[in-house]
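**Student:** Submitted below is the structure of interest, expressed as structure tokens.
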Amino acid sequence: MTSFGERLRSRIDSRGPLCVGIDPSTALLRAWGLDDSPGGLEKFARSATEAVAGLAAAVKPQSAFFERFGSRGVAVLEAVVADARAAGALVVMDAKRGDIGSTTAAYAQAYLDPGSPLAADAVTVSPYLGFGSLQPMIDTALAHGAGLFVLARTSNPEAGEVQLATVPGGRTVAAAIMDHVAGLNRGAEPLGSFGVVLGATLDDPGYPVERLGGPILAPGVGAQGATFADAARLFAAARRDVLPSVSRAVLAEGPDPARLRAAVARLNDEARAHLSA
Ligand SMILES: O=c1ccn([C@@H]2O[C@H](COP(=O)(O)O)[C@@H](O)[C@H]2O)c(=O)[nH]1
């Protein structure tokens, strides 16, 4: 069984670092000339995935945009996961889950157990019920060669109120979370399976990122105003391990698949130029 870290290292090296977000919002469905309905969602999400998943290292479906249509939306999400994996992309499920340990175990089954129709290569998780509450996710990821991306310093401007608060001893909450993640990755080669989410929009990651030993999922490039150059500057000491995630700036090129593919190729070249060693 290869680990998520090994698979991600190999995909980034062969395909480039870009992760494409699949975010079927009302605005994007309308921009593609589609109804904001389960049918429109299916057309949008599956054709976007078909266009990008053969080129990008990873795709990151944003679960919320599927869940808003209930069970029909979740069925489309299942199809997107299967389509993306069949095209060779890793799937990072952006669900930002976290709860008390026993409920976290159920989330782990849903997103990381290969028996689940929603099983992905990795899932985004929230440590804000305490890092220890993520233990069932960690155990399930280790059992199945999957990965986690733990929210550390997110790209939204409001996040500092919580993430920059300090814990006893004076570290920030975010730094304490990143210390936990670094501990999980210790000794893993060529890349650990436990990643963090650090926005490309930040002024400073507030942590020596070379200690992490795992991937950095970096949203914020494009619609949120950050650039690949920002990501390269912020995460210079670990730039080969950065997975910059771009959703709207790619999807706005649709629905023409050729334009979508061209956008992925252009952004991947740009990302590679800034983030490869
Ligand atoms: O800190 C975070 C964590 C997750 N996201 C998610 O990434 C995409 C960003 O979309 P863009 O269109 O590229 O701005 C979206 O799904 C967010 O929920 C984030 O932005 N920041």
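Letters A, B, ... mark the chains of the structure tokens in the order given; residue numbers begin at 1 per chain; ligand numbers begin at 1, in order shown.
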Counting only C-alpha atoms and all ligand atoms, give me one row per residue of chain A with an atom at most 9 Å from an atom of ligand 1, showing the shortest contact pair and its distance in Å to one decimal, sorted by chain then residue number, as a Markdown table.

**Tutor:**
| residue | atom | partner | partner_atom_place_in_ligand_line | distance |
| --- | --- | --- | --- | --- |
| A:Val20 | CA | ligand 1 | 13 (O) | 8.2 |
| A:Gly21 | CA | ligand 1 | 8 (C) | 6.2 |
| A:Ile22 | CA | ligand 1 | 16 (O) | 7.5 |
| A:Asp23 | CA | ligand 1 | 16 (O) | 5.9 |
| A:Lys60 | CA | ligand 1 | 16 (O) | 7.8 |
| A:Pro61 | CA | ligand 1 | 16 (O) | 7.4 |
| A:Gln62 | CA | ligand 1 | 16 (O) | 4.9 |
| A:Ser63 | CA | ligand 1 | 16 (O) | 8.3 |
| A:Ala64 | CA | ligand 1 | 18 (O) | 8.3 |
| A:Phe65 | CA | ligand 1 | 16 (O) | 8.6 |
| A:Asp94 | CA | ligand 1 | 16 (O) | 6.9 |
| A:Ala95 | CA | ligand 1 | 18 (O) | 8.6 |
| A:Lys96 | CA | ligand 1 | 4 (C) | 8.1 |
| A:Thr124 | CA | ligand 1 | 4 (C) | 8.2 |
| A:Leu151 | CA | ligand 1 | 1 (O) | 7.0 |
| A:Ala152 | CA | ligand 1 | 1 (O) | 8.2 |
| A:Arg153 | CA | ligand 1 | 1 (O) | 6.7 |
| A:Thr154 | CA | ligand 1 | 1 (O) | 3.2 |
| A:Ser155 | CA | ligand 1 | 1 (O) | 3.9 |
| A:Asn156 | CA | ligand 1 | 1 (O) | 6.0 |
| A:Ala159 | CA | ligand 1 | 1 (O) | 8.6 |
| A:Val197 | CA | ligand 1 | 1 (O) | 6.1 |
| A:Leu198 | CA | ligand 1 | 1 (O) | 6.3 |
| A:Gly199 | CA | ligand 1 | 1 (O) | 5.2 |
| A:Ala200 | CA | ligand 1 | 1 (O) | 8.6 |
| A:Thr201 | CA | ligand 1 | 1 (O) | 8.9 |
| A:Leu217 | CA | ligand 1 | 3 (C) | 8.3 |
| A:Ala218 | CA | ligand 1 | 1 (O) | 7.4 |
| A:Pro219 | CA | ligand 1 | 19 (C) | 5.0 |
| A:Gly220 | CA | ligand 1 | 14 (O) | 5.2 |
| A:Val221 | CA | ligand 1 | 13 (O) | 6.0 |
| A:Gly222 | CA | ligand 1 | 13 (O) | 5.9 |
| A:Ala223 | CA | ligand 1 | 14 (O) | 4.8 |
| A:Gln224 | CA | ligand 1 | 14 (O) | 5.0 |
| A:Gly225 | CA | ligand 1 | 14 (O) | 8.3 |
| A:Ser245 | CA | ligand 1 | 13 (O) | 6.2 |
| A:Val246 | CA | ligand 1 | 13 (O) | 3.9 |
| A:Ser247 | CA | ligand 1 | 13 (O) | 3.7 |
| A:Arg248 | CA | ligand 1 | 12 (O) | 3.7 |
| A:Ala249 | CA | ligand 1 | 12 (O) | 6.3 |
| A:Val250 | CA | ligand 1 | 13 (O) | 8.1 |
| A:Leu251 | CA | ligand 1 | 12 (O) | 8.3 |

**Student:** Once you have the residues from the selection above, write them out as a PDB file, in the first residue's frame, restricted to C-alpha atoms.

**Tutor:**
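New file out.pdb:
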ATOM      1  CA  VAL A  20      -8.084  22.254  -9.133  1.00  0.00           C
ATOM      2  CA  GLY A  21     -11.078  22.974  -6.939  1.00  0.00           C
ATOM      3  CA  ILE A  22     -14.500  21.784  -8.121  1.00  0.00           C
ATOM      4  CA  ASP A  23     -16.846  24.402  -6.627  1.00  0.00           C
ATOM      5  CA  LYS A  60     -10.595  19.207  -4.599  1.00  0.00           C
ATOM      6  CA  PRO A  61     -14.389  18.963  -4.681  1.00  0.00           C
ATOM      7  CA  GLN A  62     -15.951  21.412  -2.243  1.00  0.00           C
ATOM      8  CA  SER A  63     -18.550  19.236  -0.536  1.00  0.00           C
ATOM      9  CA  ALA A  64     -20.811  22.158   0.457  1.00  0.00           C
ATOM     10  CA  PHE A  65     -21.694  22.969  -3.143  1.00  0.00           C
ATOM     11  CA  ASP A  94     -12.860  19.595   1.048  1.00  0.00           C
ATOM     12  CA  ALA A  95     -15.357  18.863   3.813  1.00  0.00           C
ATOM     13  CA  LYS A  96     -13.577  20.467   6.809  1.00  0.00           C
ATOM     14  CA  THR A 124      -9.734  18.500   5.026  1.00  0.00           C
ATOM     15  CA  LEU A 151      -6.860  23.562   8.997  1.00  0.00           C
ATOM     16  CA  ALA A 152      -4.022  25.622  10.474  1.00  0.00           C
ATOM     17  CA  ARG A 153      -4.002  29.193   9.077  1.00  0.00           C
ATOM     18  CA  THR A 154      -6.878  29.466   6.660  1.00  0.00           C
ATOM     19  CA  SER A 155      -7.106  31.994   3.830  1.00  0.00           C
ATOM     20  CA  ASN A 156     -10.083  33.993   5.166  1.00  0.00           C
ATOM     21  CA  ALA A 159      -9.474  33.498  10.924  1.00  0.00           C
ATOM     22  CA  VAL A 197      -4.084  24.161   5.123  1.00  0.00           C
ATOM     23  CA  LEU A 198      -2.228  27.464   4.953  1.00  0.00           C
ATOM     24  CA  GLY A 199      -3.750  30.253   2.876  1.00  0.00           C
ATOM     25  CA  ALA A 200      -1.643  31.773   0.111  1.00  0.00           C
ATOM     26  CA  THR A 201      -3.264  35.034   1.228  1.00  0.00           C
ATOM     27  CA  LEU A 217      -2.652  22.830   0.763  1.00  0.00           C
ATOM     28  CA  ALA A 218      -2.619  26.514  -0.169  1.00  0.00           C
ATOM     29  CA  PRO A 219      -5.972  27.982  -1.243  1.00  0.00           C
ATOM     30  CA  GLY A 220      -6.328  31.655  -2.076  1.00  0.00           C
ATOM     31  CA  VAL A 221      -4.639  31.941  -5.483  1.00  0.00           C
ATOM     32  CA  GLY A 222      -6.859  33.654  -8.058  1.00  0.00           C
ATOM     33  CA  ALA A 223     -10.273  34.850  -6.861  1.00  0.00           C
ATOM     34  CA  GLN A 224      -9.044  35.590  -3.321  1.00  0.00           C
ATOM     35  CA  GLY A 225      -6.213  37.730  -4.673  1.00  0.00           C
ATOM     36  CA  SER A 245      -5.544  25.071  -4.931  1.00  0.00           C
ATOM     37  CA  VAL A 246      -7.452  27.145  -7.475  1.00  0.00           C
ATOM     38  CA  SER A 247     -11.208  26.892  -8.022  1.00  0.00           C
ATOM     39  CA  ARG A 248     -12.998  29.931  -9.495  1.00  0.00           C
ATOM     40  CA  ALA A 249     -10.040  31.144 -11.569  1.00  0.00           C
ATOM     41  CA  VAL A 250     -10.101  27.813 -13.466  1.00  0.00           C
ATOM     42  CA  LEU A 251     -13.844  27.137 -13.542  1.00  0.00           C
TER      43      LEU A 251
END

**Student:** List the spatial neighbours of A:Gly130 as a PyMOL selection string - criterion: any atom at most 10 Å away, only C-alpha atoms, same-chain residues fewer than 5 positions off excluded.

**Tutor:** chain A and resi 98-101+135+177

**Student:** Using C-alpha atoms, can you export the residues from the last selection as a tab-separated table (two decimals), in the first residue's frame?

**Tutor:**
chain	number	residue	atom	x	y	z
A	98	GLY	CA	-14.32	17.66	12.92
A	99	ASP	CA	-16.42	16.63	15.94
A	100	ILE	CA	-16.10	14.71	19.18
A	101	GLY	CA	-14.07	11.55	18.70
A	135	GLN	CA	-7.42	10.64	16.30
A	177	ILE	CA	-1.64	22.52	15.49

**Student:** In terms of the shortest atom-to-atom distance over only C-alpha atoms, which of A:Gly183, A:Gly39, A:Pro127, A:Gly88 is closest to A:Ser10?

**Tutor:** A:Gly88

**Student:** Give me, please, the distance in Å between atom CA of A:Pro215 and atom CA of A:Cys19, quoted to one decimal.

**Tutor:**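 These atoms are spaced 12.1 Å apart.
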
**Student:** Using DSSP secondary structure from the backbone, list all strand (DSSP E or B) positions within stretch 135-243 of chain A, as a count of residues only.

**Tutor:** 22

**Student:** Of the candidates A:Pro17, A:Gly170, A:Gly187, A:Gly160, which one gets nearest to A:Ala231 if we count only C-alpha atoms?

**Tutor:**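 Using only C-alpha atoms, A:Ala231 sits closest to A:Pro17.
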
**Student:** For A:Glu210, please output as a list in words all residues within 10 Å (counting only C-alpha atoms; exclusion window: fewer than 6 positions along the same chain).

**Tutor:**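 Contacts, with the query itself left out: Ala182, Phe235, Ala236, Ala237, Ala238, Arg239 and Asp241 of chain A.
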
**Student:** Selection from above, N, CA and C atoms, as a PDB file, in the first residue's frame, can you write it?

**Tutor:**
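Final output, saved to selection_24.pdb:
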ATOM      1  N   ALA A 182       3.434  18.032  12.405  1.00  0.00           N
ATOM      2  CA  ALA A 182       4.854  17.693  12.176  1.00  0.00           C
ATOM      3  C   ALA A 182       5.208  16.400  12.914  1.00  0.00           C
ATOM      4  N   PHE A 235       6.073  30.097   1.560  1.00  0.00           N
ATOM      5  CA  PHE A 235       6.399  28.714   1.918  1.00  0.00           C
ATOM      6  C   PHE A 235       7.730  28.290   1.295  1.00  0.00           C
ATOM      7  N   ALA A 236       8.649  29.267   1.134  1.00  0.00           N
ATOM      8  CA  ALA A 236       9.899  29.022   0.399  1.00  0.00           C
ATOM      9  C   ALA A 236      10.638  27.788   0.902  1.00  0.00           C
ATOM     10  N   ALA A 237      10.666  27.614   2.210  1.00  0.00           N
ATOM     11  CA  ALA A 237      11.485  26.532   2.765  1.00  0.00           C
ATOM     12  C   ALA A 237      10.868  25.153   2.520  1.00  0.00           C
ATOM     13  N   ALA A 238       9.620  25.116   2.032  1.00  0.00           N
ATOM     14  CA  ALA A 238       8.974  23.822   1.748  1.00  0.00           C
ATOM     15  C   ALA A 238       8.251  23.912   0.412  1.00  0.00           C
ATOM     16  N   ARG A 239       8.795  24.699  -0.529  1.00  0.00           N
ATOM     17  CA  ARG A 239       7.964  25.006  -1.708  1.00  0.00           C
ATOM     18  C   ARG A 239       7.646  23.793  -2.572  1.00  0.00           C
ATOM     19  N   ASP A 241       6.620  21.097  -1.561  1.00  0.00           N
ATOM     20  CA  ASP A 241       5.544  20.351  -0.900  1.00  0.00           C
ATOM     21  C   ASP A 241       4.222  21.116  -0.927  1.00  0.00           C
TER      22      ASP A 241
END

**Student:** Just checking: using only C-alpha atoms, which residue out of A:Ile12, A:Leu164, A:Leu28, A:Ala82 ends up closest to A:Arg46?

**Tutor:** A:Ala82

**Student:** Go through stretch 56-190 of chain A and collect every residue that DSSP, computed from the backbone, puts in alpha helix (DSSP H); the answer should be as a PyMOL selection string.

**Tutor:** chain A and resi 63-67+70-86+101-112+135-144+160-163+173-185

**Student:** Rounded to one decimal place, report the atom CA of A:Ile216-atom CA of A:Leu41 distance in Å.

**Tutor:**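 Going from atom CA of A:Ile216 over to atom CA of A:Leu41 covers 28.9 Å.
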
**Student:** Any idea what's packed within 7 Å of A:Val92, counting only C-alpha atoms, ignoring anything in its chain fewer than 6 positions away? Could you give it as a list in words?

**Tutor:**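 Result of the neighbour search: Ala58, Val59, Lys60, Pro61, Ala120, Asp121, Ala122 and Val123 of chain A.
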
**Student:** Output N, CA and C atoms for every residue in that selection, as an mmCIF file, in the first residue's frame.

**Tutor:**
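Everything below was put into result.cif:
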data_model
loop_
_atom_site.group_PDB
_atom_site.id
_atom_site.type_symbol
_atom_site.label_atom_id
_atom_site.label_comp_id
_atom_site.auth_asym_id
_atom_site.auth_seq_id
_atom_site.Cartn_x
_atom_site.Cartn_y
_atom_site.Cartn_z
ATOM 1 N N ALA A 58 -4.152 16.943 -8.415
ATOM 2 C CA ALA A 58 -5.278 16.638 -7.522
ATOM 3 C C ALA A 58 -6.476 17.495 -7.894
ATOM 4 N N VAL A 59 -7.650 16.976 -7.582
ATOM 5 C CA VAL A 59 -8.862 17.794 -7.645
ATOM 6 C C VAL A 59 -9.450 17.853 -6.236
ATOM 7 N N LYS A 60 -10.080 18.983 -5.959
ATOM 8 C CA LYS A 60 -10.595 19.207 -4.599
ATOM 9 C C LYS A 60 -12.065 19.600 -4.693
ATOM 10 N N PRO A 61 -12.972 18.599 -4.684
ATOM 11 C CA PRO A 61 -14.389 18.963 -4.681
ATOM 12 C C PRO A 61 -14.747 19.621 -3.353
ATOM 13 N N ALA A 120 -12.037 9.357 -0.417
ATOM 14 C CA ALA A 120 -11.111 10.191 -1.176
ATOM 15 C C ALA A 120 -9.683 9.808 -0.790
ATOM 16 N N ASP A 121 -8.705 10.415 -1.460
ATOM 17 C CA ASP A 121 -7.311 10.197 -1.062
ATOM 18 C C ASP A 121 -6.995 10.943 0.220
ATOM 19 N N ALA A 122 -7.645 12.089 0.414
ATOM 20 C CA ALA A 122 -7.411 12.891 1.619
ATOM 21 C C ALA A 122 -8.648 13.746 1.858
ATOM 22 N N VAL A 123 -8.773 14.200 3.102
ATOM 23 C CA VAL A 123 -9.922 15.042 3.454
ATOM 24 C C VAL A 123 -9.426 16.220 4.298
#

**Student:** Per residue of stretch 9-64 of chain A within 8 Å of stretch 267-276 of chain A, record the nearest atom pair and its distance in Å to one decimal, counting only C-alpha atoms, with rows in chain order and ascending residue number, as CSV.

**Tutor:**
residue,atom,partner,partner_atom,distance
A:Gly16,CA,A:Arg272,CA,5.8
A:Pro17,CA,A:Arg272,CA,6.3
A:Leu18,CA,A:Asn268,CA,5.3
A:Ala56,CA,A:Asn268,CA,7.6

**Student:** Would you export the selected residues with C-alpha atoms as a compact mmCIF listing (two decimals), in the first residue's frame, please?

**Tutor:**
# COMPACT_ATOMS: atom_id res chain seq x y z
CA GLY A 16 2.96 19.71 -11.56
CA PRO A 17 1.68 21.11 -8.26
CA LEU A 18 -1.73 22.48 -9.25
CA ALA A 56 -3.82 18.21 -12.43

**Student:** For A:Leu191, which residue out of A:Arg15, A:Arg240, A:Arg171, A:Lys43 is the nearest one, using only C-alpha atoms?

**Tutor:**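 The shortest atom-to-atom distance to A:Leu191 comes from A:Arg240.
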